[in-house]
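Below is structure29.pdb, holding PDB, C-alpha atoms and all ligand atoms.
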```pdb
ATOM      1  CA  MET A 705     -18.465   4.977   9.682
ATOM      2  CA  VAL A 706     -17.199   4.193   6.224
ATOM      3  CA  MET A 707     -19.884   6.523   4.865
ATOM      4  CA  LYS A 708     -18.553   9.359   6.972
ATOM      5  CA  LYS A 709     -15.023   8.676   5.863
ATOM      6  CA  HIS A 710     -16.143   8.666   2.274
ATOM      7  CA  LYS A 711     -17.582  12.153   2.772
ATOM      8  CA  ASP A 712     -14.363  13.325   4.432
ATOM      9  CA  LEU A 713     -12.329  12.051   1.538
ATOM     10  CA  LEU A 714     -14.600  13.754  -0.984
ATOM     11  CA  ALA A 715     -13.985  16.975   0.944
ATOM     12  CA  ILE A 716     -10.222  16.404   0.627
ATOM     13  CA  LEU A 717     -10.650  15.932  -3.117
ATOM     14  CA  ARG A 718     -12.597  19.168  -3.403
ATOM     15  CA  HIS A 719      -9.988  20.934  -1.308
ATOM     16  CA  ASN A 720      -7.372  19.775  -3.824
ATOM     17  CA  ASN A 721      -9.445  21.069  -6.724
ATOM     18  CA  MET A 722     -10.335  17.599  -7.914
ATOM     19  CA  ARG A 723     -13.790  17.240  -9.417
ATOM     20  CA  ILE A 724     -16.086  14.684  -7.804
ATOM     21  CA  THR A 725     -16.852  12.380 -10.684
ATOM     22  CA  PRO A 726     -18.844   9.133 -10.439
ATOM     23  CA  ALA A 727     -15.606   7.242 -11.144
ATOM     24  CA  ARG A 728     -13.756   8.954  -8.317
ATOM     25  CA  ARG A 729     -16.644   8.368  -5.921
ATOM     26  CA  LEU A 730     -16.664   4.707  -6.798
ATOM     27  CA  LEU A 731     -12.909   4.332  -6.615
ATOM     28  CA  LEU A 732     -12.840   5.864  -3.136
ATOM     29  CA  GLN A 733     -15.595   3.528  -2.011
ATOM     30  CA  TYR A 734     -13.698   0.507  -3.246
ATOM     31  CA  ILE A 735     -10.501   1.643  -1.544
ATOM     32  CA  LEU A 736     -12.374   2.237   1.722
ATOM     33  CA  ASP A 737     -14.076  -1.152   1.517
ATOM     34  CA  ASN A 738     -10.666  -2.794   1.158
ATOM     35  CA  GLN A 739      -8.699  -0.826   3.702
ATOM     36  CA  SER A 740      -7.157  -3.797   5.376
ATOM     37  CA  SER A 741      -5.473  -5.182   2.299
ATOM     38  CA  GLY A 742      -3.604  -4.087  -0.766
ATOM     39  CA  ILE A 743      -5.659  -4.051  -3.948
ATOM     40  CA  SER A 744      -4.416  -4.841  -7.406
ATOM     41  CA  LEU A 745      -5.034  -2.740 -10.467
ATOM     42  CA  ARG A 746      -6.841  -5.734 -11.985
ATOM     43  CA  ASN A 747      -9.325  -5.932  -9.103
ATOM     44  CA  ILE A 748      -9.892  -2.202  -9.165
ATOM     45  CA  TYR A 749     -10.537  -2.332 -12.880
ATOM     46  CA  ALA A 750     -12.943  -5.292 -12.562
ATOM     47  CA  TYR A 751     -14.902  -3.519  -9.823
ATOM     48  CA  MET A 752     -15.085  -0.234 -11.707
ATOM     49  CA  ASN A 753     -15.948  -1.793 -15.042
ATOM     50  CA  GLU A 754     -18.816  -3.727 -13.495
ATOM     51  CA  ARG A 755     -20.401  -0.522 -12.210
ATOM     52  CA  LEU A 756     -19.347   1.893 -14.923
ATOM     53  CA  PRO A 757     -19.189  -0.314 -18.016
ATOM     54  CA  GLY A 758     -16.614   0.693 -20.586
ATOM     55  CA  ILE A 759     -14.614   2.828 -18.199
ATOM     56  CA  ASP A 760     -11.190   3.680 -19.514
ATOM     57  CA  ARG A 761      -8.325   1.818 -17.861
ATOM     58  CA  SER A 762      -5.993   4.797 -18.180
ATOM     59  CA  SER A 763      -8.501   7.106 -16.520
ATOM     60  CA  ILE A 764      -8.634   4.739 -13.533
ATOM     61  CA  TYR A 765      -4.874   4.783 -13.456
ATOM     62  CA  ARG A 766      -4.821   8.580 -13.586
ATOM     63  CA  ASN A 767      -7.269   8.743 -10.690
ATOM     64  CA  LEU A 768      -5.086   6.380  -8.690
ATOM     65  CA  GLU A 769      -2.100   8.610  -9.405
ATOM     66  CA  ASN A 770      -4.091  11.606  -8.158
ATOM     67  CA  LEU A 771      -5.093   9.807  -4.967
ATOM     68  CA  LYS A 772      -1.472   8.844  -4.479
ATOM     69  CA  HIS A 773      -0.408  12.423  -4.898
ATOM     70  CA  ILE A 774      -2.720  13.669  -2.147
ATOM     71  CA  GLU A 775      -1.672  10.725   0.034
ATOM     72  CA  ILE A 776      -4.977   8.942   0.285
ATOM     73  CA  ILE A 777      -3.359   5.786  -1.045
ATOM     74  CA  GLN A 778       0.135   4.497  -1.535
ATOM     75  CA  GLU A 779       1.531   2.231  -4.160
ATOM     76  CA  LEU A 780       3.408  -0.888  -3.210
ATOM     77  CA  ASN A 781       5.504  -2.929  -5.551
ATOM     78  CA  LEU A 782       5.386  -6.536  -4.469
ATOM     79  CA  PRO A 783       8.001  -8.847  -5.966
ATOM     80  CA  THR A 784       5.720 -11.711  -6.975
ATOM     81  CA  VAL A 785       2.310 -10.020  -6.892
ATOM     82  CA  GLY A 786       3.085  -6.774  -8.723
ATOM     83  CA  LYS A 787       1.608  -3.367  -8.130
ATOM     84  CA  GLN A 788      -0.808  -2.931  -5.241
ATOM     85  CA  PHE A 789      -2.582   0.090  -3.891
ATOM     86  CA  GLN A 790      -3.350   0.653  -0.265
ATOM     87  CA  TYR A 791      -5.379   3.121   1.711
ATOM     88  CA  ILE A 792      -3.172   5.164   4.067
ATOM     89  CA  PHE A 793      -4.954   8.471   4.587
ATOM     90  CA  ASP A 794      -5.682   8.352   8.336
ATOM     91  CA  LYS A 795      -3.331   5.522   9.162
ATOM     92  CA  LYS A 796      -0.241   6.450  11.006
ATOM     93  CA  VAL A 797       1.768   3.314  10.587
ATOM     94  CA  HIS A 798       2.295   2.164   7.118
ATOM     95  CA  HIS A 799       5.614   0.555   6.781
ATOM     96  CA  TYR A 800       5.950  -2.934   5.468
ATOM     97  CA  TYR A 801       8.340  -5.780   5.150
ATOM     98  CA  ILE A 802       8.198  -7.455   1.824
ATOM     99  CA  CYS A 803       9.877 -10.782   1.238
ATOM    100  CA  LYS A 804      11.762 -10.848  -2.059
ATOM    101  CA  SER A 805      11.435 -14.624  -2.310
ATOM    102  CA  CYS A 806       7.749 -15.288  -1.703
ATOM    103  CA  GLY A 807       6.325 -11.756  -1.979
ATOM    104  CA  LYS A 808       4.707 -11.965   1.443
ATOM    105  CA  LEU A 809       3.721  -8.578   2.789
ATOM    106  CA  ASN A 810       3.930  -7.914   6.513
ATOM    107  CA  LYS A 811       2.797  -4.807   8.270
ATOM    108  CA  GLY A 812       5.489  -3.210  10.367
ATOM    109  CA  ASN A 813       4.782  -3.005  14.067
ATOM    110  CA  LYS A 814       3.923   0.109  16.000
ATOM    111  CA  THR A 815       6.821  -0.018  18.436
ATOM    112  CA  LEU A 816       9.392   0.077  15.682
ATOM    113  CA  PHE A 817       7.613   3.000  14.101
ATOM    114  CA  GLU A 818       7.604   4.924  17.376
ATOM    115  CA  LYS A 819      11.339   4.358  17.732
ATOM    116  CA  ILE A 820      11.977   5.667  14.235
ATOM    117  CA  GLU A 821       9.689   8.602  14.877
ATOM    118  CA  SER A 822      11.512   9.637  18.049
ATOM    119  CA  ALA A 823      14.878   9.206  16.315
ATOM    120  CA  LEU A 824      13.704  11.549  13.562
ATOM    121  CA  LYS A 825      12.752  14.065  16.207
ATOM    122  CA  GLU A 826      16.074  13.781  18.028
ATOM    123  CA  VAL A 827      18.396  13.707  15.065
ATOM    124  CA  HIS A 828      16.616  15.963  12.601
ATOM    125  CA  GLY A 829      14.137  17.919  14.700
ATOM    126  CA  PHE A 830      11.523  16.428  12.424
ATOM    127  CA  LYS A 831       8.055  16.082  13.919
ATOM    128  CA  LYS A 832       4.771  14.411  13.150
ATOM    129  CA  ALA A 833       6.304  11.959  10.755
ATOM    130  CA  ASN A 834       3.885   9.990   8.678
ATOM    131  CA  LEU A 835       6.070   7.078   7.866
ATOM    132  CA  SER A 836       5.670   5.328   4.586
ATOM    133  CA  VAL A 837       8.544   2.947   4.137
ATOM    134  CA  ILE A 838       8.924  -0.415   2.531
ATOM    135  CA  PHE A 839      11.673  -2.784   3.581
ATOM    136  CA  TYR A 840      12.659  -5.457   1.094
ATOM    137  CA  GLY A 841      14.309  -8.586   2.414
ATOM    138  CA  HIS A 842      13.693 -12.240   3.095
ATOM    139  CA  CYS A 843      11.053 -13.481   5.515
ATOM    140  CA  ALA A 844      11.875 -15.932   8.276
ATOM    141  CA  SER A 845      10.428 -18.961   6.517
ATOM    142  CA  CYS A 846      12.177 -18.191   3.209
ATOM    143  CA  SER A 847      15.522 -17.616   4.934
ATOM    144  CA  LYS A 848      15.118 -20.984   6.596
ATOM    145  CA  LYS A 849      14.362 -22.647   3.244
ATOM    146  CA  LYS A 850      17.392 -20.938   1.706
ATOM    147  CA  LYS A 851      19.615 -22.268   4.457
ATOM    148  CA  VAL A 852      18.326 -25.782   3.883
ATOM    149  CA  LEU A 853      18.891 -25.453   0.154
ATOM    150  CA  PHE A 854      22.388 -24.151   0.734
ATOM    151  CA  TYR A 855      23.119 -27.015   3.073
ATOM    152  CA  CYS A 856      21.949 -29.537   0.477
ATOM    153  CA  THR A 857      23.973 -28.127  -2.415
ATOM    154  CA  GLU A 858      26.992 -27.971  -0.148
ATOM    155  CA  ASN A 859      26.666 -31.631   0.653
ATOM    156  CA  LEU A 860      26.145 -32.554  -3.005
ATOM    157  CA  GLY A 861      29.462 -30.957  -3.847
ATOM    158  CA  LYS A 862      31.348 -33.272  -1.538
TER
HETATM  159 ZN    ZN A 901       9.261 -15.279   2.121
END
```
Would you write out, as structure tokens, the structure that this file holds?
Amino acid sequence: MVMKKHKDLLAILRHNNMRITPARRLLLQYILDNQSSGISLRNIYAYMNERLPGIDRSSIYRNLENLKHIEIIQELNLPTVGKQFQYIFDKKVHHYYICKSCGKLNKGNKTLFEKIESALKEVHGFKKANLSVIFYGHCASCSKKKKVLFYCTENLGK
């Protein structure tokens, strides 16, 4: 199945006048193999350099930018982890909650997405939304810790 997807994605690249280079082939494979998680630039570089020794870091970065542009991947900026790339091409739901305290990334749930989608349709007449949103905030466990910390400092003041 992944093989088929890889072929489909190569077709998308061709359609966008992007040459199919060994580096692009490899990069797509790595992204497909890691669909379920975000991947860091460091891991991408390590993987690519192992298979294409001496590959230029900036050329990998350029390829990632290209894949971003044609919406095969998206870039996430995680507070404690840094930049991550994630496969989104045939995924409908890709909104996330990112905790600013611990950097934990949570996938948004489908129901919320469907609500937003129908609101877009009602309010703006906008259809077939492919939502790509990142919410920054504080996760439940960090908010709890914060409250405890606040409680302690409050008591110290007395
Ligand atoms: Zn947190």
Just want the residues within 7 Å of ligand ZN 901 (chain A), written as a PDB file with C-alpha atoms, in the frame of the given file, counting all atoms listed in the file.
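Okay, this is what ended up in selection_13.pdb:
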```pdb
ATOM      1  CA  CYS A 803       9.877 -10.782   1.238  1.00  0.00           C
ATOM      2  CA  LYS A 804      11.762 -10.848  -2.059  1.00  0.00           C
ATOM      3  CA  SER A 805      11.435 -14.624  -2.310  1.00  0.00           C
ATOM      4  CA  CYS A 806       7.749 -15.288  -1.703  1.00  0.00           C
ATOM      5  CA  GLY A 807       6.325 -11.756  -1.979  1.00  0.00           C
ATOM      6  CA  LYS A 808       4.707 -11.965   1.443  1.00  0.00           C
ATOM      7  CA  HIS A 842      13.693 -12.240   3.095  1.00  0.00           C
ATOM      8  CA  CYS A 843      11.053 -13.481   5.515  1.00  0.00           C
ATOM      9  CA  ALA A 844      11.875 -15.932   8.276  1.00  0.00           C
ATOM     10  CA  SER A 845      10.428 -18.961   6.517  1.00  0.00           C
ATOM     11  CA  CYS A 846      12.177 -18.191   3.209  1.00  0.00           C
TER      12      CYS A 846
END
```
Please provide the set of residues having any atom within 8 Å of stretch 738-746 of chain A, restricted to all atoms listed in the file, with same-chain residues fewer than 4 positions apart removed, written as a list in words. Tyr734, Ala750, Gly786, Lys787, Gln788, Phe789, Gln790 and Tyr791 of chain A
Since we have the selection now, will you write its residues out, keeping C-alpha atoms, as a compact mmCIF listing (two decimals), in the frame of the given file?
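Below is the file that was written, part_27.txt:
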```txt
# COMPACT_ATOMS: atom_id res chain seq x y z
CA TYR A 734 -13.70 0.51 -3.25
CA ALA A 750 -12.94 -5.29 -12.56
CA GLY A 786 3.08 -6.77 -8.72
CA LYS A 787 1.61 -3.37 -8.13
CA GLN A 788 -0.81 -2.93 -5.24
CA PHE A 789 -2.58 0.09 -3.89
CA GLN A 790 -3.35 0.65 -0.26
CA TYR A 791 -5.38 3.12 1.71
```
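Nearest to A:Lys709 of all the residues A:Phe793, A:Tyr840, A:Tyr765, A:Tyr751 is A:Phe793, based on all atoms listed in the file.
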Name the residues in contact with A:Leu731 at a cut-off of 9 Å, using all atoms listed in the file, excluding same-chain residues fewer than 2 positions from it; report them as an mmCIF file with C-alpha atoms, in the frame of the given file.
```cif
data_model
loop_
_atom_site.group_PDB
_atom_site.id
_atom_site.type_symbol
_atom_site.label_atom_id
_atom_site.label_comp_id
_atom_site.auth_asym_id
_atom_site.auth_seq_id
_atom_site.Cartn_x
_atom_site.Cartn_y
_atom_site.Cartn_z
ATOM 1 C CA PRO A 726 -18.844 9.133 -10.439
ATOM 2 C CA ALA A 727 -15.606 7.242 -11.144
ATOM 3 C CA ARG A 728 -13.756 8.954 -8.317
ATOM 4 C CA ARG A 729 -16.644 8.368 -5.921
ATOM 5 C CA GLN A 733 -15.595 3.528 -2.011
ATOM 6 C CA TYR A 734 -13.698 0.507 -3.246
ATOM 7 C CA ILE A 735 -10.501 1.643 -1.544
ATOM 8 C CA LEU A 736 -12.374 2.237 1.722
ATOM 9 C CA ILE A 748 -9.892 -2.202 -9.165
ATOM 10 C CA TYR A 751 -14.902 -3.519 -9.823
ATOM 11 C CA MET A 752 -15.085 -0.234 -11.707
ATOM 12 C CA ILE A 764 -8.634 4.739 -13.533
ATOM 13 C CA ASN A 767 -7.269 8.743 -10.690
ATOM 14 C CA LEU A 768 -5.086 6.380 -8.690
#
```
Expansion of the PyMOL selection byres (((chain A and resi 715-722) around 10) and not hetatm) into residues, as a ChimeraX atom specification: /A:709-714,723-725,728,767,770-771,774,776
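The spacing separating atom CA of A:Pro757 from atom CA of A:Ile777 amounts to 24.0 Å.
Nearest residue to A:Tyr749 among A:Lys831, A:Ile838, A:Arg761, A:Leu816 is A:Arg761, counting all atoms listed in the file.
Here atom CA of A:Asn747 stands at a distance of 15.5 Å from atom CA of A:Asn781.
Nearest residue to A:Leu782 among A:Gly812, A:Gly758, A:Gly829, A:Gly841 is A:Gly841, counting only C-alpha atoms.
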